[in-house]
Every structure is written in structure tokens, then in C-alpha cells.
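Working notes, structure below.
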Amino acid sequence: EECTACRILRQFGFTDKEAESYLVTVSDRNTGRVLVSPVTRKIIVRAEELAEKDDALCGSIHILLSACLVRTSLAAKILAGHKIDYDRILSVAEGIKNYDPEPKQVAMPKKTDVHAQNTPISEIESFGEFLTEKARKNELEPFFGREKVLERILRVLSRKNKNNPMLVGESGVGKTAVVEGLAQLAVGRSAPDFLRNKEIFSLNVGSLLSGTRYRGDLEEKVGTLLKNLRGKNVILFIDEAHVLLSGGGSDQNVTLSSLLKPALCGDIPVVGATTFDEYTRYIERDPAFERRFTKVIVPEMTIDETNELILRKKAGLEKHFGLSIDKKAATLATDLSVRYLSDGFLPDKAIDLTEEAFAKAKAEQKKKVTEEDVRYVLSERTGIPVNKLTIEERKRALQIEEELKKRVMGQPEAIDKTASAIRRTYAGLKDEERPYSFLFIGPTGVGKTETAKTLAEVLFGNENELIRFDMSEFSEKNSVAKLIGSPPGYVGYEEGGRLTEAVRKKPYSVLLLDEIEKADASVYSLLLQLLDDGRLTDAKGKTVDFSHVIVIMTGNIGVKNRSKNKGSVGFITAEKDDKEGVFSELKSILPPEFINRINNIIIFDDLSKEILPSIANKLLERIKRTLLHERGIELDVSKSVLTYLADRGYDKEYGARPLRRLIEREIEDELSRYLLETDPKNCSLTITLCGNKPQIRKKRRPKSHACGNQRKKLSPR
């Protein structure tokens, strides 16, 4: 109550009750909580600047004077309502300074110095920041690779009227970096005459919109901004410029664009930045606003430009993280991001990868960022093992057939062709713009789908990386909308397409299109673009990259017309007459241009009876793993049982599926009954053939491992 500011206010007729009434109003407006708003912070900062100017401690007089200078504050409006301005406060303060009870080191502000601080530029600092000031302090990133774009911006800015460039480019291509380069040029010695001594102010649109709850608030803020910018050496930069057409009053009749249009005719040079989508969606819909800007395209950086930019940023990153990185590791981020990160743009995605590699090495307390750090970070983001191929991994790539033959039996030549194609991918010889595609043709139950599942597990380590579609669901013409999304106005538009959304979430996966011949012809037309260009555009206009997807289509086309002469075990070597029969029916169902875009057409043969015991043993492996994991029971199946299952379950027309059903009926049903009745644990069981029927026997084991139950014969059903 005895501070200098209180005594000054009393000189102007302010009473304690009147001051408290304003405090209550502010408290009610803020739901009873005391909040420090950005304007309040601005008042405090200005008060400290005033005190620092006088080499004194900050006192209440400085806060009162600062409130007058920050004209957007509520305190300034209250003081103006009582006809109290900066000069009157200073005059009264001069008369009572000798009686100031505050510490002596709190000096009175000097009138001339304070007015020097009260410039129009300082009043708009709450709406953004000056990029030129940051450039003088070397706080901006080094500028490189955008000289042509910067030259075009300078030509537009030097015009007399409509000197407003609009930077349009994808997210992450460096639109803001171009403006930062403009700020560095403005403070440099090589600045053009018209740019010299100009300030570049980056507007924070959110600060203009914040607090504009009542009619007239937005107009007042924009008016203050334009008043202080008009006629000054200031270039206004507005990032995300499309917000100007979508932000404003609650009724949306008044937007920022309508308030800024008069100033865009040459009074204030404005540089805007937005994306292609937002430019089309918002700015092109307002021709009056669009014609005030000159469109400047900002293309994606090339690989060489990105590498040079990262090397220029290398010193700053090393200083920030306290680590070092060699040139190969720095440029590797660009190569890997181009190859594997299809959802971003250079240089942003390469810089992100580099910085994350720095962060990983820092967390692990390393002294240097290596190529392996960069590869590991990319593997975490994509789920793809892109680590440098070791000797063991090269052997695995060379022996990929063995991985497939462990699960897919009876199709050696099909596996060899598939493995050869995958090795080309490992070696980097595949066309990076197109997905690799297969068409598996053969009878049902011969291993076509199982090959696709195994391939997903071998390549990506998990069967869940398989995206599967049953094409019988897309047998109608209008069903193509399920794949890429419904058009606007139709049900399901907001959900997106099933195919495009699945690949967007898992860009590195195996795509299985089961029974492709059952799809409608419009689906084939859609897949043409996928196989040829490696991309699809969904109903929302978003492009999805398929270049890292392995496309596998299966079908039963031409099976009935194939030759009955089976010369080899399991797989037909595709004699001329057999191929002609298959391709004849294939061309009658699938369009020729669609067939021509498939990389490999592989024919699966009927399963031979000799291979069925091995398939039966493989199907029983799942039961063995379950018993061992849940009950500690080791299950052994004799060869006679496997032969019995192969004889009973062989059906040339339906492949291995009848065998699976026979195992469920003859083995799983009776085994489940035995387990429920005896509840054995930690023992060994064997299934042998007794009287043309499988029989469960308990192996004799040490007493500590005995089941304590007698064996039980399987009764015929």
C-alpha cells in the first residue's frame, strides 16, 4: 500500500475499493484462478527492461509504466479510461520521488529513455518474434540449397504493388528455412538495397486469435498490428497462412484475411507459407485474397543438397549433443530415408533421422554416432531389419529357400523362384518405384497361402505383417470403394479405404490378394496403377506408397485344363502344353495389361501322396508345442501313425485340407478327451498305431516325472 505506484494512483483519484473491484472482475473472468497471461508476462519483461535501462532494481513504478506501454493489456485500458498516460505518471512520479519508501537503488525512469523504448516495433513483439534479431545473434540454422527460391522471393518483394510471395510446398521441404535465409541475407553485407535495414517479423497467428471472445477484439488487435507495421521497414512472415481464412469471430463473418486484404496491396510486404493441399482448400477459394499473393513453389531437396545441408548442420548438432559423427553416418541418413521413409520429404525426414540417431547415442553414453545407430533408429521406425548385412545374414539371404521349405512342402520349384526374387530385393536390384508381385496358381490346399504367410515371417519376423484380402468380397463393381475409400457424400467416407489404410500403417509388409479371379474387373483396373507405379490415391486424395510391399495374388485359374501327366513330384515343371492351357484361361479372366505387370507367375502342382506324412508331422508340431508349453508333456508320434494319416487324408483334388480335418478328428478329439479325464503333467506320451487305430501310450519315466495315471486306449468312433 505504501509503494510508489500506489501513491501515484491515489494522486489520480484511485481508491483502494475501486482497485479491488477491478481485481475481482479479473478473478471472475478467470474462473477464480490467478493466471499469468502472456500479456502479464510482457508487462513484467518490459518493466525489467525499463529498470535495466536505469541500472536499477525493478520497482512498482516500472511495472505501472510498463502497463501503459503494453496497450493490449487490461491495465492499459483501465488507465486510459481514467485519462492516465505515461507522461502524466512520470510527472507525478518526479514530484514524489524524494519520499519514495522503496529501496534507494530503485531509480525513477528517465523520460527520454523510456520514450525511446516506446517504439511501434516493441508493441507488436507480443504477436511474434523478429527473425532478423535471431539472425544477428546467430541463432538460426545455416541456409543452403534454396538459392533459386530465395532469388524468386527477392524479385517479388522488390515489386511496388502486390509484393507478397506465397511459399507453397509439402510439409518438411524447408519453407520456413527459406524465410530464415531471407533474414540472414537482410542482416548480411550482401543484402540488396531494398532489403537492407529491413526487419523480418514472424507472426504468431495464435496470439492474434487468443482472447478474441467478443466482437471487436480481433479487429482491435489486427488494427494495432497494421498500424505499427505500416510505413515501417518490416516484412511480415505468416507461417501456415491458410489459417488467415479459417480463423476469426465466432460467426466466421470476420476473418483475418478480410482484415489484412487492404494492407496486402503494397502497404506491408507479407511472406506466406502453406502446403499444396491447404492452398487449394482455403486460399484458392478466395480469389480476392489469392490474387494479392504471388505463388512461389518450394520443391523437395535433392539427395546431394540434403547431404550438403546435413554436413553444414553437423557442427551444430555435435555441439548440442556433445557427440561426434563421421561423414558416412551423416549422409547415410539421407540414403536410408529416401529408400525407406516414403511418408515424408527431404530434407526434413533425413534431419529427423540424424537427430534421433544423435539422441540414441547420447542416451547410451556413447562418444560417437555410427552408421549402426542410424540404421537402428530407422529399423525401430519402420520395423524392417535394415542393419548392415553381416556374414550370417548374407548366408540367410542365400539360403532363404530352406526357411520356406521348412513350412511349405511339396513345392520345391515354386519356392526356388520365390526365393530368387526375394534375393534380388536383398541385393537392392529391385525397381525401387514398384512393388514386387507374384501370382500363385494351383489347386486348393497345396500351399499358396502358406507360402505367403511364411514369406511374411521370414522377411519381417512376424506373420502379422501379412495384409490379407479375400477378393470374393470385391466381386461387385461398387465394391472397389472398399479398397480406396468411399467418395464424398457416401457412407464410410471418413473411414478411408481398407487397402490404402492398411498399407499406410504397415508400409513394409506382404499383401495377399486371395482368389484374385473372383474380383470385379474394376478392381483389376485399380491394381494396374499399384503394380506399375507403386502407389494408389485414396478417396481423400492422399497418395499411399506401395513400393516396399510384396504383392502376392493366388488363384485356381486354369487348374482343370492342365495336363494330367505329372512328371515331377509336387510341382509341374511347366511343359509347353501345360503353360498354354493355364495362360489361355488366365487371359480369358484377367486383362492382358494386368497379366503383363505381374513379375512372376508360379504354378503349384497337386500334392503327391508321398509328401503327406511330412505335412502331417508339420501339422502335429503345433499340438506338440502346446502340450509342452502348457503341461510340460512331450508328445511323440510314430511313423506308422503318420503313414496312417497320409493314407486316410489324401485327396488329390483338395490338397492338404482333408488331412487337417482328419488330424482334428482322429488325434485332437481323442487327445483332448484323454487330457481332461487323466489331467497328466510333466510326462511323456506317445501315439502309435494299434489295430489300425492311433493309441495313446505313456512312456515310462523316473518316478519324479511319472504321470501317476494309466494309459488309455483310443476307442473307435
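A note on labels: chains of the C-alpha cells are A, B, ... as shown, every chain counts residues from 1, and ligands are counted from 1 in their shown order.
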
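Within region 508-566 of chain A, residues classed as alpha helix (DSSP H) by DSSP on backbone coordinates are Ala521, Ser522, Val523, Tyr524, Ser525, Leu526, Leu527, Leu528, Gln529, Leu530, Leu531, Asp532 and Asp533 of chain A.
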
Exercise for the section: Quick one: everything within 10 Å of Gly541 (chain A), counting only C-alpha atoms, minus sequence neighbours fewer than 4 positions away in the same chain. Send it as a ChimeraX atom specification. Expected result: /A:277,484,536-537

Handout entry: Shell of 9 Å around Glu199 (chain A), only C-alpha atoms, local chain residues under 3 positions omitted, as a ChimeraX atom specification
Key = /A:130-133,183,186-187,195-196,232-236

Practice task
Once DSSP has gone over the backbone, tell me which residues of region 269-499 of chain A are in strand (DSSP E), as a PyMOL selection string.
Solution key: chain A and resi 270-274+294-297+324-325+368-369+436-441+466-470

Exercise for the section: Quick one: everything within 12 Å of Glu318 (chain A), counting only C-alpha atoms, minus sequence neighbours fewer than 3 positions away in the same chain. Send it as a list in words. Expected result: Ile310, Leu311, Arg312, Lys313, Lys314, Ala315, Phe321, Gly322, Leu323, Ser324, Ile325, Asp326, Ala330, Thr354, Glu355, Ala357, Phe358, Ala359, Ala361, Lys362, Lys367, Lys368 and Val369 of chain A

Any chance you could export the current selection's N, CA and C atoms as an mmCIF file, in the first residue's frame?
```cif
data_model
loop_
_atom_site.group_PDB
_atom_site.id
_atom_site.type_symbol
_atom_site.label_atom_id
_atom_site.label_comp_id
_atom_site.auth_asym_id
_atom_site.auth_seq_id
_atom_site.Cartn_x
_atom_site.Cartn_y
_atom_site.Cartn_z
ATOM 1 N N ILE A 310 23.060 -31.425 -44.321
ATOM 2 C CA ILE A 310 23.334 -32.142 -43.068
ATOM 3 C C ILE A 310 24.788 -31.949 -42.649
ATOM 4 N N LEU A 311 25.700 -31.950 -43.614
ATOM 5 C CA LEU A 311 27.110 -31.731 -43.274
ATOM 6 C C LEU A 311 27.334 -30.318 -42.731
ATOM 7 N N ARG A 312 26.547 -29.354 -43.232
ATOM 8 C CA ARG A 312 26.665 -27.989 -42.703
ATOM 9 C C ARG A 312 26.066 -27.879 -41.302
ATOM 10 N N LYS A 313 25.056 -28.688 -41.018
ATOM 11 C CA LYS A 313 24.444 -28.700 -39.689
ATOM 12 C C LYS A 313 25.209 -29.584 -38.713
ATOM 13 N N LYS A 314 26.167 -30.326 -39.225
ATOM 14 C CA LYS A 314 26.891 -31.310 -38.417
ATOM 15 C C LYS A 314 27.542 -30.676 -37.189
ATOM 16 N N ALA A 315 28.189 -29.535 -37.370
ATOM 17 C CA ALA A 315 28.887 -28.894 -36.250
ATOM 18 C C ALA A 315 27.909 -28.470 -35.159
ATOM 19 N N PHE A 321 24.680 -31.984 -28.811
ATOM 20 C CA PHE A 321 24.643 -33.284 -28.146
ATOM 21 C C PHE A 321 25.959 -33.635 -27.457
ATOM 22 N N GLY A 322 27.021 -32.930 -27.778
ATOM 23 C CA GLY A 322 28.311 -33.270 -27.199
ATOM 24 C C GLY A 322 28.890 -34.550 -27.754
ATOM 25 N N LEU A 323 28.515 -34.905 -28.992
ATOM 26 C CA LEU A 323 28.994 -36.122 -29.644
ATOM 27 C C LEU A 323 29.562 -35.763 -31.004
ATOM 28 N N SER A 324 30.251 -36.703 -31.599
ATOM 29 C CA SER A 324 30.777 -36.528 -32.949
ATOM 30 C C SER A 324 30.117 -37.536 -33.879
ATOM 31 N N ILE A 325 30.132 -37.223 -35.168
ATOM 32 C CA ILE A 325 29.562 -38.124 -36.181
ATOM 33 C C ILE A 325 30.417 -38.012 -37.431
ATOM 34 N N ASP A 326 30.698 -39.148 -38.051
ATOM 35 C CA ASP A 326 31.519 -39.094 -39.250
ATOM 36 C C ASP A 326 30.648 -38.798 -40.470
ATOM 37 N N ALA A 330 26.493 -39.479 -41.405
ATOM 38 C CA ALA A 330 25.621 -38.324 -41.627
ATOM 39 C C ALA A 330 24.889 -38.430 -42.960
ATOM 40 N N THR A 354 18.738 -38.210 -38.491
ATOM 41 C CA THR A 354 20.066 -37.887 -37.953
ATOM 42 C C THR A 354 19.986 -37.470 -36.493
ATOM 43 N N GLU A 355 19.042 -36.591 -36.175
ATOM 44 C CA GLU A 355 18.925 -36.115 -34.793
ATOM 45 C C GLU A 355 18.517 -37.239 -33.847
ATOM 46 N N ALA A 357 19.292 -40.363 -34.221
ATOM 47 C CA ALA A 357 20.497 -41.175 -34.025
ATOM 48 C C ALA A 357 21.420 -40.520 -32.996
ATOM 49 N N PHE A 358 21.524 -39.200 -33.040
ATOM 50 C CA PHE A 358 22.295 -38.481 -32.015
ATOM 51 C C PHE A 358 21.704 -38.730 -30.635
ATOM 52 N N ALA A 359 20.361 -38.631 -30.532
ATOM 53 C CA ALA A 359 19.705 -38.815 -29.236
ATOM 54 C C ALA A 359 19.916 -40.226 -28.706
ATOM 55 N N ALA A 361 22.503 -42.267 -29.364
ATOM 56 C CA ALA A 361 23.890 -42.389 -28.917
ATOM 57 C C ALA A 361 24.118 -41.633 -27.607
ATOM 58 N N LYS A 362 23.447 -40.502 -27.453
ATOM 59 C CA LYS A 362 23.575 -39.736 -26.215
ATOM 60 C C LYS A 362 22.994 -40.501 -25.035
ATOM 61 N N LYS A 367 30.354 -41.845 -27.394
ATOM 62 C CA LYS A 367 31.114 -40.655 -27.744
ATOM 63 C C LYS A 367 30.982 -40.299 -29.216
ATOM 64 N N LYS A 368 30.439 -41.247 -30.001
ATOM 65 C CA LYS A 368 30.367 -41.025 -31.435
ATOM 66 C C LYS A 368 29.129 -41.697 -32.006
ATOM 67 N N VAL A 369 28.501 -41.033 -32.966
ATOM 68 C CA VAL A 369 27.342 -41.594 -33.660
ATOM 69 C C VAL A 369 27.845 -42.387 -34.859
#
```

Exercise for the section: Considering only C-alpha atoms, return as a PyMOL selection string whatever protein or nucleic-acid residues lie within 12 Å of Glu473 (chain A), sequence-local ones (same chain, fewer than 2 positions apart) excluded. Expected result: chain A and resi 468-471+475-483+498+513-520+523

Problem - Best match for closeness to Pro487 (chain A) among A:Leu511, A:Lys540, A:Val168, A:Phe237, counting only C-alpha atoms - result: A:Lys540

Handout entry: Pick from A:Leu9, A:Val338, A:Leu685, A:Cys265 nearest to His82 (chain A), counting only C-alpha atoms
Key = A:Leu9
